[in-house]
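Colleague: Dropping in query-v1.pdb, which is PDB, C-alpha atoms and all ligand atoms:
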```pdb
MODEL        1
ATOM      1  CA  MET A   1      87.870 -30.408  55.758
ATOM      2  CA  ASP A   2      88.382 -30.501  51.986
ATOM      3  CA  ILE A   3      85.431 -32.558  50.796
ATOM      4  CA  VAL A   4      86.403 -32.394  47.088
ATOM      5  CA  LYS A   5      90.014 -32.446  45.926
ATOM      6  CA  ILE A   6      90.788 -31.857  42.282
ATOM      7  CA  ASN A   7      94.350 -32.602  41.342
ATOM      8  CA  ASN A   8      95.684 -31.787  37.849
ATOM      9  CA  ALA A   9      92.407 -32.799  36.245
ATOM     10  CA  THR A  10      92.866 -33.008  32.487
ATOM     11  CA  LYS A  11      90.354 -34.038  29.865
ATOM     12  CA  TYR A  12      90.841 -33.699  26.136
ATOM     13  CA  TYR A  13      88.909 -34.522  23.015
ATOM     14  CA  ILE A  14      90.422 -35.201  19.635
ATOM     15  CA  LYS A  15      89.413 -32.543  17.138
ATOM     16  CA  LYS A  16      90.785 -32.780  13.608
ATOM     17  CA  LYS A  17      93.513 -35.134  14.835
ATOM     18  CA  ASN A  18      94.634 -32.611  17.497
ATOM     19  CA  LYS A  19      94.097 -32.736  21.224
ATOM     20  CA  PHE A  20      91.577 -30.164  22.380
ATOM     21  CA  TYR A  21      91.764 -29.652  26.141
ATOM     22  CA  ALA A  22      88.309 -29.192  27.667
ATOM     23  CA  ASN A  23      89.972 -29.247  31.120
ATOM     24  CA  ASN A  24      93.672 -28.524  31.287
ATOM     25  CA  ASN A  25      95.538 -29.331  34.494
ATOM     26  CA  ILE A  26      92.912 -28.072  36.928
ATOM     27  CA  SER A  27      93.684 -28.208  40.645
ATOM     28  CA  PHE A  28      91.708 -26.831  43.573
ATOM     29  CA  ASN A  29      89.947 -28.080  46.688
ATOM     30  CA  ILE A  30      86.440 -27.440  47.956
ATOM     31  CA  LYS A  31      85.847 -27.149  51.685
ATOM     32  CA  GLU A  32      82.872 -28.760  53.367
ATOM     33  CA  GLY A  33      80.008 -26.240  53.599
ATOM     34  CA  ASP A  34      81.337 -24.015  50.836
ATOM     35  CA  ILE A  35      79.004 -22.816  48.122
ATOM     36  CA  VAL A  36      81.161 -22.622  45.054
ATOM     37  CA  GLY A  37      80.194 -20.858  41.853
ATOM     38  CA  PHE A  38      81.681 -22.018  38.541
ATOM     39  CA  LEU A  39      81.951 -19.042  36.227
ATOM     40  CA  GLY A  40      83.285 -18.812  32.676
ATOM     41  CA  LYS A  41      82.335 -18.219  29.088
ATOM     42  CA  ASN A  42      80.603 -20.823  26.933
ATOM     43  CA  GLY A  43      82.952 -23.724  26.355
ATOM     44  CA  ALA A  44      85.326 -22.751  29.192
ATOM     45  CA  GLY A  45      85.108 -26.245  30.711
ATOM     46  CA  LYS A  46      82.628 -26.005  33.611
ATOM     47  CA  THR A  47      80.304 -28.833  32.604
ATOM     48  CA  THR A  48      83.249 -31.061  31.681
ATOM     49  CA  LEU A  49      84.653 -30.716  35.201
ATOM     50  CA  ILE A  50      81.208 -31.313  36.735
ATOM     51  CA  LYS A  51      80.843 -34.493  34.681
ATOM     52  CA  SER A  52      84.294 -35.588  35.797
ATOM     53  CA  ILE A  53      83.481 -34.917  39.472
ATOM     54  CA  CYS A  54      80.379 -37.092  39.016
ATOM     55  CA  ASN A  55      82.413 -39.842  37.329
ATOM     56  CA  LEU A  56      80.289 -39.560  34.189
ATOM     57  CA  ILE A  57      83.395 -39.091  32.052
ATOM     58  CA  LYS A  58      86.905 -40.340  32.670
ATOM     59  CA  LEU A  59      89.848 -37.974  33.143
ATOM     60  CA  ASP A  60      92.823 -38.426  30.805
ATOM     61  CA  SER A  61      95.175 -37.569  33.649
ATOM     62  CA  GLY A  62      94.991 -36.249  37.187
ATOM     63  CA  SER A  63      92.588 -37.324  39.891
ATOM     64  CA  ILE A  64      89.507 -36.298  41.829
ATOM     65  CA  CYS A  65      88.853 -37.290  45.438
ATOM     66  CA  ILE A  66      85.619 -37.049  47.380
ATOM     67  CA  LYS A  67      86.146 -37.338  51.130
ATOM     68  CA  ASP A  68      89.724 -38.425  50.424
ATOM     69  CA  LYS A  69      88.683 -41.321  48.208
ATOM     70  CA  ARG A  70      89.655 -41.371  44.537
ATOM     71  CA  ILE A  71      86.431 -41.527  42.572
ATOM     72  CA  ASP A  72      87.889 -43.696  39.797
ATOM     73  CA  LYS A  73      88.868 -46.321  42.358
ATOM     74  CA  ASN A  74      85.755 -45.910  44.563
ATOM     75  CA  PRO A  75      82.811 -45.001  42.314
ATOM     76  CA  LYS A  76      80.418 -45.624  45.214
ATOM     77  CA  VAL A  77      81.732 -42.506  46.958
ATOM     78  CA  VAL A  78      80.140 -40.432  44.167
ATOM     79  CA  HIS A  79      76.806 -42.183  44.440
ATOM     80  CA  ASP A  80      76.779 -41.906  48.226
ATOM     81  CA  ASN A  81      77.691 -38.230  48.400
ATOM     82  CA  ILE A  82      76.652 -36.359  45.274
ATOM     83  CA  GLY A  83      73.267 -35.197  43.997
ATOM     84  CA  VAL A  84      73.475 -33.531  40.587
ATOM     85  CA  VAL A  85      71.261 -31.740  38.087
ATOM     86  CA  LEU A  86      73.026 -31.551  34.740
ATOM     87  CA  GLU A  87      72.508 -28.638  32.347
ATOM     88  CA  GLY A  88      69.589 -28.840  29.960
ATOM     89  CA  ALA A  89      69.492 -32.629  30.227
ATOM     90  CA  ARG A  90      66.140 -34.309  30.439
ATOM     91  CA  ASN A  91      66.283 -35.206  34.075
ATOM     92  CA  LEU A  92      62.635 -36.256  34.474
ATOM     93  CA  TYR A  93      60.050 -38.626  33.061
ATOM     94  CA  ASN A  94      57.680 -36.163  31.430
ATOM     95  CA  PHE A  95      54.610 -38.369  31.259
ATOM     96  CA  LEU A  96      54.732 -39.375  34.902
ATOM     97  CA  THR A  97      53.444 -37.253  37.759
ATOM     98  CA  VAL A  98      55.759 -35.329  40.066
ATOM     99  CA  ASP A  99      54.939 -37.836  42.795
ATOM    100  CA  TYR A 100      55.750 -40.796  40.555
ATOM    101  CA  ASN A 101      59.064 -39.227  39.488
ATOM    102  CA  LEU A 102      60.035 -38.595  43.097
ATOM    103  CA  ARG A 103      59.183 -42.158  44.111
ATOM    104  CA  TYR A 104      60.816 -43.744  41.083
ATOM    105  CA  PHE A 105      64.106 -41.897  41.593
ATOM    106  CA  SER A 106      63.982 -42.683  45.322
ATOM    107  CA  TYR A 107      63.628 -46.346  44.381
ATOM    108  CA  LEU A 108      66.560 -46.125  41.931
ATOM    109  CA  ASN A 109      68.639 -44.450  44.608
ATOM    110  CA  LYS A 110      67.583 -47.092  47.119
ATOM    111  CA  ILE A 111      66.114 -44.475  49.427
ATOM    112  CA  ASN A 112      63.536 -46.330  51.341
ATOM    113  CA  ASP A 113      63.912 -45.103  54.851
ATOM    114  CA  SER A 114      61.132 -44.023  57.166
ATOM    115  CA  GLN A 115      62.134 -40.395  56.593
ATOM    116  CA  LEU A 116      61.375 -40.433  52.867
ATOM    117  CA  GLU A 117      57.779 -39.224  52.972
ATOM    118  CA  SER A 118      58.535 -36.397  55.389
ATOM    119  CA  ARG A 119      61.570 -35.394  53.306
ATOM    120  CA  ILE A 120      59.458 -35.292  50.132
ATOM    121  CA  LYS A 121      56.837 -33.174  51.881
ATOM    122  CA  LYS A 122      59.453 -30.780  53.225
ATOM    123  CA  LEU A 123      61.158 -30.365  49.844
ATOM    124  CA  LEU A 124      57.864 -29.859  47.983
ATOM    125  CA  GLU A 125      56.958 -27.202  50.511
ATOM    126  CA  MET A 126      60.335 -25.512  50.261
ATOM    127  CA  PHE A 127      60.094 -25.429  46.466
ATOM    128  CA  GLU A 128      56.410 -24.397  46.557
ATOM    129  CA  LEU A 129      55.310 -27.470  44.640
ATOM    130  CA  THR A 130      53.017 -29.158  47.148
ATOM    131  CA  GLN A 131      49.973 -28.405  44.984
ATOM    132  CA  LYS A 132      51.639 -29.937  41.926
ATOM    133  CA  ARG A 133      52.444 -33.305  43.422
ATOM    134  CA  LYS A 134      49.813 -35.179  41.380
ATOM    135  CA  GLU A 135      50.444 -33.167  38.198
ATOM    136  CA  VAL A 136      52.060 -34.765  35.143
ATOM    137  CA  VAL A 137      55.557 -33.267  34.692
ATOM    138  CA  ASN A 138      54.810 -32.357  31.074
ATOM    139  CA  ASN A 139      52.109 -29.938  32.288
ATOM    140  CA  LEU A 140      54.501 -28.025  34.513
ATOM    141  CA  SER A 141      56.390 -24.909  33.470
ATOM    142  CA  ARG A 142      60.099 -25.223  32.739
ATOM    143  CA  GLY A 143      60.989 -23.525  36.026
ATOM    144  CA  MET A 144      58.811 -25.975  37.935
ATOM    145  CA  GLN A 145      60.379 -28.908  36.099
ATOM    146  CA  GLN A 146      63.803 -27.574  37.023
ATOM    147  CA  LYS A 147      62.698 -27.430  40.651
ATOM    148  CA  VAL A 148      61.491 -31.046  40.536
ATOM    149  CA  ALA A 149      64.889 -32.069  39.119
ATOM    150  CA  ILE A 150      66.609 -30.265  42.010
ATOM    151  CA  ILE A 151      64.316 -31.960  44.547
ATOM    152  CA  ILE A 152      65.263 -35.340  43.066
ATOM    153  CA  ALA A 153      68.949 -34.484  43.410
ATOM    154  CA  MET A 154      68.326 -33.545  47.048
ATOM    155  CA  LEU A 155      66.165 -36.548  47.935
ATOM    156  CA  LYS A 156      69.012 -38.746  49.079
ATOM    157  CA  ASP A 157      70.179 -35.859  51.239
ATOM    158  CA  PRO A 158      73.624 -35.771  49.606
ATOM    159  CA  ASP A 159      76.522 -33.990  51.281
ATOM    160  CA  ILE A 160      77.368 -32.390  47.929
ATOM    161  CA  LEU A 161      74.762 -30.863  45.633
ATOM    162  CA  ILE A 162      75.808 -29.904  42.100
ATOM    163  CA  LEU A 163      73.586 -27.708  39.928
ATOM    164  CA  ASP A 164      74.765 -27.046  36.380
ATOM    165  CA  GLU A 165      73.081 -23.845  35.160
ATOM    166  CA  PRO A 166      69.954 -23.982  37.317
ATOM    167  CA  THR A 167      68.579 -20.741  35.845
ATOM    168  CA  LEU A 168      69.234 -21.607  32.192
ATOM    169  CA  GLY A 169      66.282 -21.025  29.919
ATOM    170  CA  LEU A 170      64.002 -19.623  32.601
ATOM    171  CA  ASP A 171      61.946 -16.492  32.014
ATOM    172  CA  VAL A 172      62.554 -13.413  34.147
ATOM    173  CA  VAL A 173      59.955 -14.298  36.771
ATOM    174  CA  SER A 174      61.006 -17.952  37.096
ATOM    175  CA  LYS A 175      64.633 -16.884  37.150
ATOM    176  CA  THR A 176      64.021 -14.539  40.067
ATOM    177  CA  LYS A 177      62.106 -17.250  41.904
ATOM    178  CA  MET A 178      64.887 -19.756  41.290
ATOM    179  CA  LYS A 179      67.484 -17.251  42.486
ATOM    180  CA  ASN A 180      65.560 -16.708  45.722
ATOM    181  CA  LEU A 181      65.255 -20.431  46.151
ATOM    182  CA  LEU A 182      68.991 -20.919  45.679
ATOM    183  CA  LYS A 183      69.625 -18.154  48.202
ATOM    184  CA  SER A 184      67.391 -19.894  50.713
ATOM    185  CA  LEU A 185      69.139 -23.212  49.971
ATOM    186  CA  LYS A 186      72.283 -21.613  51.268
ATOM    187  CA  ASP A 187      70.740 -21.153  54.710
ATOM    188  CA  LYS A 188      68.334 -24.076  54.853
ATOM    189  CA  TYR A 189      70.440 -26.805  53.297
ATOM    190  CA  GLY A 190      73.767 -26.165  54.951
ATOM    191  CA  LYS A 191      75.808 -28.506  52.768
ATOM    192  CA  THR A 192      78.451 -28.206  50.092
ATOM    193  CA  ILE A 193      76.990 -26.841  46.871
ATOM    194  CA  ILE A 194      78.509 -26.297  43.431
ATOM    195  CA  ILE A 195      76.565 -24.052  41.074
ATOM    196  CA  SER A 196      77.635 -23.341  37.529
ATOM    197  CA  SER A 197      75.977 -20.218  36.194
ATOM    198  CA  HIS A 198      76.327 -17.325  33.795
ATOM    199  CA  ASP A 199      74.188 -15.318  36.156
ATOM    200  CA  LEU A 200      76.545 -13.107  38.178
ATOM    201  CA  ASP A 201      73.740 -12.233  40.550
ATOM    202  CA  VAL A 202      73.368 -15.907  41.475
ATOM    203  CA  ILE A 203      77.110 -16.304  41.917
ATOM    204  CA  GLU A 204      77.473 -13.147  44.013
ATOM    205  CA  ASN A 205      74.436 -13.704  46.212
ATOM    206  CA  VAL A 206      74.453 -17.441  46.679
ATOM    207  CA  CYS A 207      78.104 -18.486  46.606
ATOM    208  CA  ASN A 208      80.913 -17.725  49.028
ATOM    209  CA  LYS A 209      83.632 -18.897  46.631
ATOM    210  CA  VAL A 210      84.063 -18.590  42.911
ATOM    211  CA  VAL A 211      86.120 -20.549  40.390
ATOM    212  CA  ILE A 212      86.725 -18.756  37.117
ATOM    213  CA  PHE A 213      87.324 -20.947  34.081
ATOM    214  CA  GLU A 214      88.975 -19.830  30.863
ATOM    215  CA  LYS A 215      89.749 -22.063  27.904
ATOM    216  CA  GLY A 216      89.863 -25.218  29.989
ATOM    217  CA  LYS A 217      91.944 -23.709  32.791
ATOM    218  CA  VAL A 218      91.081 -22.246  36.160
ATOM    219  CA  ILE A 219      92.370 -18.687  36.131
ATOM    220  CA  LYS A 220      90.986 -17.593  39.485
ATOM    221  CA  TYR A 221      89.746 -19.267  42.637
ATOM    222  CA  GLY A 222      88.861 -17.336  45.726
ATOM    223  CA  SER A 223      86.219 -16.046  48.057
ATOM    224  CA  ILE A 224      83.631 -13.652  46.711
ATOM    225  CA  SER A 225      84.602 -11.162  49.418
ATOM    226  CA  GLU A 226      88.224 -11.235  48.218
ATOM    227  CA  LEU A 227      87.086 -10.548  44.682
ATOM    228  CA  LYS A 228      84.760  -7.814  45.852
ATOM    229  CA  LEU A 229      87.606  -6.269  47.786
ATOM    230  CA  LYS A 230      89.593  -6.157  44.590
ATOM    231  CA  GLU A 231      86.578  -4.674  42.924
ATOM    232  CA  SER A 232      86.505  -1.764  45.341
ATOM    233  CA  GLU A 233      90.261  -1.194  45.227
ATOM    234  CA  ASP A 234      91.135   1.942  43.267
ATOM    235  CA  ARG A 235      93.531   0.970  40.561
ATOM    236  CA  TYR A 236      94.714   3.359  37.905
ATOM    237  CA  GLU A 237      96.336   3.005  34.535
ATOM    238  CA  ILE A 238      98.725   5.847  33.772
ATOM    239  CA  VAL A 239     100.286   6.731  30.441
ATOM    240  CA  LEU A 240     103.322   9.037  30.500
ATOM    241  CA  LYS A 241     105.848  10.382  28.043
ATOM    242  CA  SER A 242     108.749   7.941  27.858
ATOM    243  CA  SER A 243     111.153  10.623  29.121
ATOM    244  CA  GLU A 244     109.729   9.909  32.604
ATOM    245  CA  ALA A 245     111.192   6.387  32.587
ATOM    246  CA  VAL A 246     114.284   7.692  34.320
ATOM    247  CA  ASN A 247     112.183   8.817  37.312
ATOM    248  CA  LEU A 248     110.392   5.485  37.616
ATOM    249  CA  LYS A 249     113.305   3.075  37.391
ATOM    250  CA  ASP A 250     112.213   0.934  40.364
ATOM    251  CA  ILE A 251     108.612   0.636  39.200
ATOM    252  CA  SER A 252     107.535  -1.829  36.557
ATOM    253  CA  PHE A 253     106.082  -0.334  33.413
ATOM    254  CA  GLU A 254     105.566  -1.198  29.763
ATOM    255  CA  LYS A 255     107.223   0.755  26.980
ATOM    256  CA  GLU A 256     105.361   1.580  23.809
ATOM    257  CA  GLU A 257     106.199   4.008  21.005
ATOM    258  CA  GLY A 258     107.140   7.202  22.805
ATOM    259  CA  VAL A 259     105.140   6.418  25.929
ATOM    260  CA  ILE A 260     105.258   4.271  29.055
ATOM    261  CA  LYS A 261     102.287   2.608  30.675
ATOM    262  CA  LEU A 262     101.880   1.462  34.258
ATOM    263  CA  GLU A 263      99.235   0.447  36.775
ATOM    264  CA  THR A 264      99.168   1.688  40.338
ATOM    265  CA  THR A 265      96.980   1.978  43.411
ATOM    266  CA  ASN A 266      99.099   4.873  44.644
ATOM    267  CA  LEU A 267      98.562   7.819  42.310
ATOM    268  CA  GLU A 268     100.221  10.255  44.695
ATOM    269  CA  GLN A 269     103.473   8.316  44.716
ATOM    270  CA  ILE A 270     103.696   8.520  40.925
ATOM    271  CA  PHE A 271     102.689  12.179  40.719
ATOM    272  CA  ASN A 272     105.308  13.116  43.307
ATOM    273  CA  ARG A 273     108.032  11.690  41.116
ATOM    274  CA  VAL A 274     107.136  12.828  37.638
ATOM    275  CA  ASN A 275     106.557  16.076  35.877
ATOM    276  CA  THR A 276     102.767  16.205  35.655
ATOM    277  CA  GLU A 277     103.000  17.881  32.267
ATOM    278  CA  ASN A 278     104.283  14.553  30.949
ATOM    279  CA  VAL A 279     101.185  12.664  32.095
ATOM    280  CA  ILE A 280      99.176  11.774  29.010
ATOM    281  CA  LYS A 281      96.349   9.754  30.517
ATOM    282  CA  VAL A 282      95.071   8.563  33.912
ATOM    283  CA  GLU A 283      92.258   6.039  33.926
ATOM    284  CA  LYS A 284      90.592   4.267  36.824
ATOM    285  CA  LYS A 285      90.455   0.513  36.355
ATOM    286  CA  VAL A 286      87.440  -1.285  37.685
ATOM    287  CA  LYS A 287      87.734  -4.924  38.629
ATOM    288  CA  SER A 288      84.547  -6.898  38.825
ATOM    289  CA  LEU A 289      83.505 -10.512  38.421
ATOM    290  CA  GLU A 290      82.322  -9.521  34.985
ATOM    291  CA  SER A 291      85.747  -8.285  34.024
ATOM    292  CA  TYR A 292      87.043 -11.860  34.257
ATOM    293  CA  LEU A 293      84.606 -12.869  31.551
ATOM    294  CA  VAL A 294      85.410 -10.364  28.821
TER     295      VAL A 294
HETATM  296  N1  LIG A 301      81.904 -34.920  24.120
HETATM  297  C1  LIG A 301      82.641 -33.933  23.624
HETATM  298  N2  LIG A 301      83.325 -34.078  22.476
HETATM  299  C2  LIG A 301      84.111 -33.079  21.976
HETATM  300  N3  LIG A 301      84.268 -31.888  22.569
HETATM  301  C3  LIG A 301      83.603 -31.684  23.714
HETATM  302  C4  LIG A 301      82.753 -32.675  24.309
HETATM  303  N4  LIG A 301      82.240 -32.162  25.467
HETATM  304  C5  LIG A 301      82.719 -30.931  25.569
HETATM  305  N5  LIG A 301      83.532 -30.621  24.547
HETATM  306  C6  LIG A 301      84.238 -29.341  24.329
HETATM  307  O1  LIG A 301      84.891 -28.997  25.534
HETATM  308  C7  LIG A 301      84.806 -27.589  25.762
HETATM  309  C8  LIG A 301      84.255 -27.350  27.143
HETATM  310  O2  LIG A 301      82.881 -27.674  27.155
HETATM  311  P1  LIG A 301      81.979 -27.523  28.450
HETATM  312  O3  LIG A 301      80.649 -28.081  28.136
HETATM  313  O4  LIG A 301      82.700 -28.072  29.609
HETATM  314  O5  LIG A 301      81.892 -25.925  28.594
HETATM  315  P2  LIG A 301      81.050 -25.048  29.612
HETATM  316  O6  LIG A 301      81.995 -24.177  30.357
HETATM  317  O7  LIG A 301      80.141 -25.914  30.399
HETATM  318  O8  LIG A 301      80.211 -24.132  28.612
HETATM  319  P3  LIG A 301      78.707 -23.545  28.733
HETATM  320  O9  LIG A 301      78.813 -22.295  29.549
HETATM  321  O10 LIG A 301      78.352 -23.261  27.320
HETATM  322  O11 LIG A 301      77.834 -24.593  29.353
HETATM  323  C9  LIG A 301      83.953 -27.037  24.629
HETATM  324  O12 LIG A 301      84.798 -26.445  23.668
HETATM  325  C10 LIG A 301      83.245 -28.234  24.066
HETATM  326  O13 LIG A 301      83.021 -28.086  22.673
HETATM  327 MG    MG A 302      78.123 -26.022  30.646
ENDMDL
END
```
Give the structure from this file in structure tokens form.

Modeller:
Amino acid sequence: MDIVKINNATKYYIKKKNKFYANNNISFNIKEGDIVGFLGKNGAGKTTLIKSICNLIKLDSGSICIKDKRIDKNPKVVHDNIGVVLEGARNLYNFLTVDYNLRYFSYLNKINDSQLESRIKKLLEMFELTQKRKEVVNNLSRGMQQKVAIIIAMLKDPDILILDEPTLGLDVVSKTKMKNLLKSLKDKYGKTIIISSHDLDVIENVCNKVVIFEKGKVIKYGSISELKLKESEDRYEIVLKSSEAVNLKDISFEKEEGVIKLETTNLEQIFNRVNTENVIKVEKKVKSLESYLV
């Protein structure tokens, strides 16, 4: 089932009297149980879409549905189904203890069931924070604070968990710990998760799908295995003297001053048809997640 449906989502801001599209006609669906990584350079539009999915900002056109309900018409569907940690935002009350934060946010979220205490205990254990329960948040490291924010997002046991840059600003050790935690979330949590990150290791090891953003648009959406397959595919760029064009009529190539350029996965086919003396350059092209970001 498609738990999130994004249909032509468009959001613009006015900059110097012109429309600047932070999200430009974005459409894709997220299946229940998928762990989707949002990847893209700074300013590509990831956080804007996350805010729109959470109904924190209003789309200028298009629509977003959670469990087939339009979020603008049914805001409760967001509250009932989504737990989110926004990037760099102050998600906690720094002068309250971890315990107080957890209880206060449970109260705000109207979580008052008999399971609450056991859920808190389980999450603190999972995030290795049991010993810090009575500690004031301000005295915790940044990584620990980030973990508390994630626990709060998970407290209501939402079907969709959204983490915007969970490893941002963490030192190497905390980053590694957070990565391992996210990996274990994948197995232990078993729900739909959206993670925006610049950390390719997180995306590759935690997510099964990836959405690549560029200048407000989605330029790629697919499974990590598909992208990895492309990565391992041998693709070559060949430059030949333009006199070879006559031998390659049925193959698409680009013409530049005195030369032709083409890409192929079948080197042999090309070499069988041309005079190898006219080959100027053969270069293997490597496709990787990173290559979508440069
Ligand atoms: N409130 C706003 N007013 C004006 N422009 C905005 C606003 N929010 C975002 N933008 C612009 O929209 C674009 C997309 O921003 P967004 O925060 O979605 O990017 P991002 O992909 O999350 O980037 P990063 O990787 O740096 O977090 C940016 O160019 C940003 O300047
Ligand atoms: Mg962002």

Colleague: By how many Å are atom N5 of ligand LIG 301 (chain A) and CA of Thr192 (chain A) apart?

Modeller: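 According to the coordinates, atom N5 of ligand LIG 301 (chain A) and CA of Thr192 (chain A) are separated by 26.2 Å.
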
Colleague: Pull out every residue that the PyMOL selection byres (((not hetatm)) within 12 of (chain A and resi 302)) matches in the shown coordinates and put them as a VMD selection string.

Modeller: chain A and resid 22 38 to 51 85 to 89 163 to 166 168 195 to 198 213 216

Colleague: If I take CA of Asp72 (chain A) and CA of Glu214 (chain A), how far is one from the other in Å, to one decimal?

Modeller: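 If I compute the distance from CA of Asp72 (chain A) to CA of Glu214 (chain A), I get 25.5 Å.
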
Colleague: Name the residues that the PyMOL selection byres (((chain A and resi 154) around 12) and not hetatm) pulls out of this structure, and write them as a ChimeraX atom specification.

Modeller: /A:80-85,102,105-106,109,111,116,119-120,122-124,126-127,147-153,155-163,185,189,191-193

Colleague: Find the residue from A:Phe95, A:Asn208, A:Val259, A:Leu240 that sits nearest to Tyr221 (chain A); use all atoms listed in the file when measuring.

Modeller: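 Result for the nearest residue to Tyr221 (chain A): A:Asn208.
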
Colleague: Take the PyMOL selection byres (((chain A and resi 243) around 10) and not hetatm), run it mentally on this structure, and tell me the resulting residues as a PyMOL selection string.

Modeller: chain A and resi 240-242+244-248+258-260+274-275+278

Colleague: Selected residues, C-alpha atoms, written as a CSV table (one decimal), in the frame of the given file, please.

Modeller:
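The new file selection31.csv reads:
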```
chain,number,residue,atom,x,y,z
A,240,LEU,CA,103.3,9.0,30.5
A,241,LYS,CA,105.8,10.4,28.0
A,242,SER,CA,108.7,7.9,27.9
A,244,GLU,CA,109.7,9.9,32.6
A,245,ALA,CA,111.2,6.4,32.6
A,246,VAL,CA,114.3,7.7,34.3
A,247,ASN,CA,112.2,8.8,37.3
A,248,LEU,CA,110.4,5.5,37.6
A,258,GLY,CA,107.1,7.2,22.8
A,259,VAL,CA,105.1,6.4,25.9
A,260,ILE,CA,105.3,4.3,29.1
A,274,VAL,CA,107.1,12.8,37.6
A,275,ASN,CA,106.6,16.1,35.9
A,278,ASN,CA,104.3,14.6,30.9
```

Colleague: From the list A:Leu289, A:Tyr107, A:Leu59, A:Lys249, which residue is nearest Ser225 (chain A) when using all atoms listed in the file?

Modeller: A:Leu289

Colleague: So, with only C-alpha atoms as the atoms that count, which of A:Gly37, A:Arg103, A:Leu140, A:Lys15 lies closest to Val202 (chain A)?

Modeller: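 For Val202 (chain A), the nearest of the given residues is A:Gly37.
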
Colleague: For a test of reading the model, state the distance in Å between CA of Met178 (chain A) and CA of Gln146 (chain A), rounded to one decimal.

Modeller: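 Distance between the two atoms: 9.0 Å.
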
Colleague: Restricting the calculation to all atoms listed in the file, which member of A:Cys54, A:Ile212, A:Ile35, A:Ile6 is positioned closest to Leu182 (chain A)?

Modeller: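 Residue with the minimum atom-to-atom distance to Leu182 (chain A): A:Ile35.
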
Colleague: Please work out which residues fall within 8 Å of (61.7, -21.3, 38.8), coordinates as given in the file, with all atoms listed in the file counting, and return them as a list in words.

Modeller: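 Collected hits near the coordinates: Arg142, Gly143, Met144, Gln146, Lys147, Thr167, Leu170, Val173, Ser174, Lys175, Thr176, Lys177, Met178 and Lys179 of chain A.
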
Colleague: Name the closest residue to ligand LIG 301 (chain A) among the candidates A:Asn138, A:Lys132, A:Val218, A:Ile64; distances are taken between atoms, counting all atoms listed in the file.

Modeller: A:Val218

Colleague: Tell me which of A:Lys217, A:Lys261, A:Arg133, A:Lys281 sits closest to ligand LIG 301 (chain A), counting only C-alpha atoms and all ligand atoms.

Modeller: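 For ligand LIG 301 (chain A), the nearest of the given residues is A:Lys217.
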
Colleague: Let me have the centre and edge lengths in Å, one decimal, of the box along x, y and z around every listed atom of ligand LIG 301 (chain A) with 3 Å of margin on each side, as lines of an AutoDock Vina configuration file.

Modeller:
```
center_x = 81.4
center_y = -28.6
center_z = 26.2
size_x = 13.1
size_y = 18.6
size_z = 14.4
```

Colleague: Anything within 12 Å of (49.4, -31.5, 37.9): list those residues as a count of residues only, counting all atoms listed in the file and sticking to the file's coordinates.

Modeller: 22
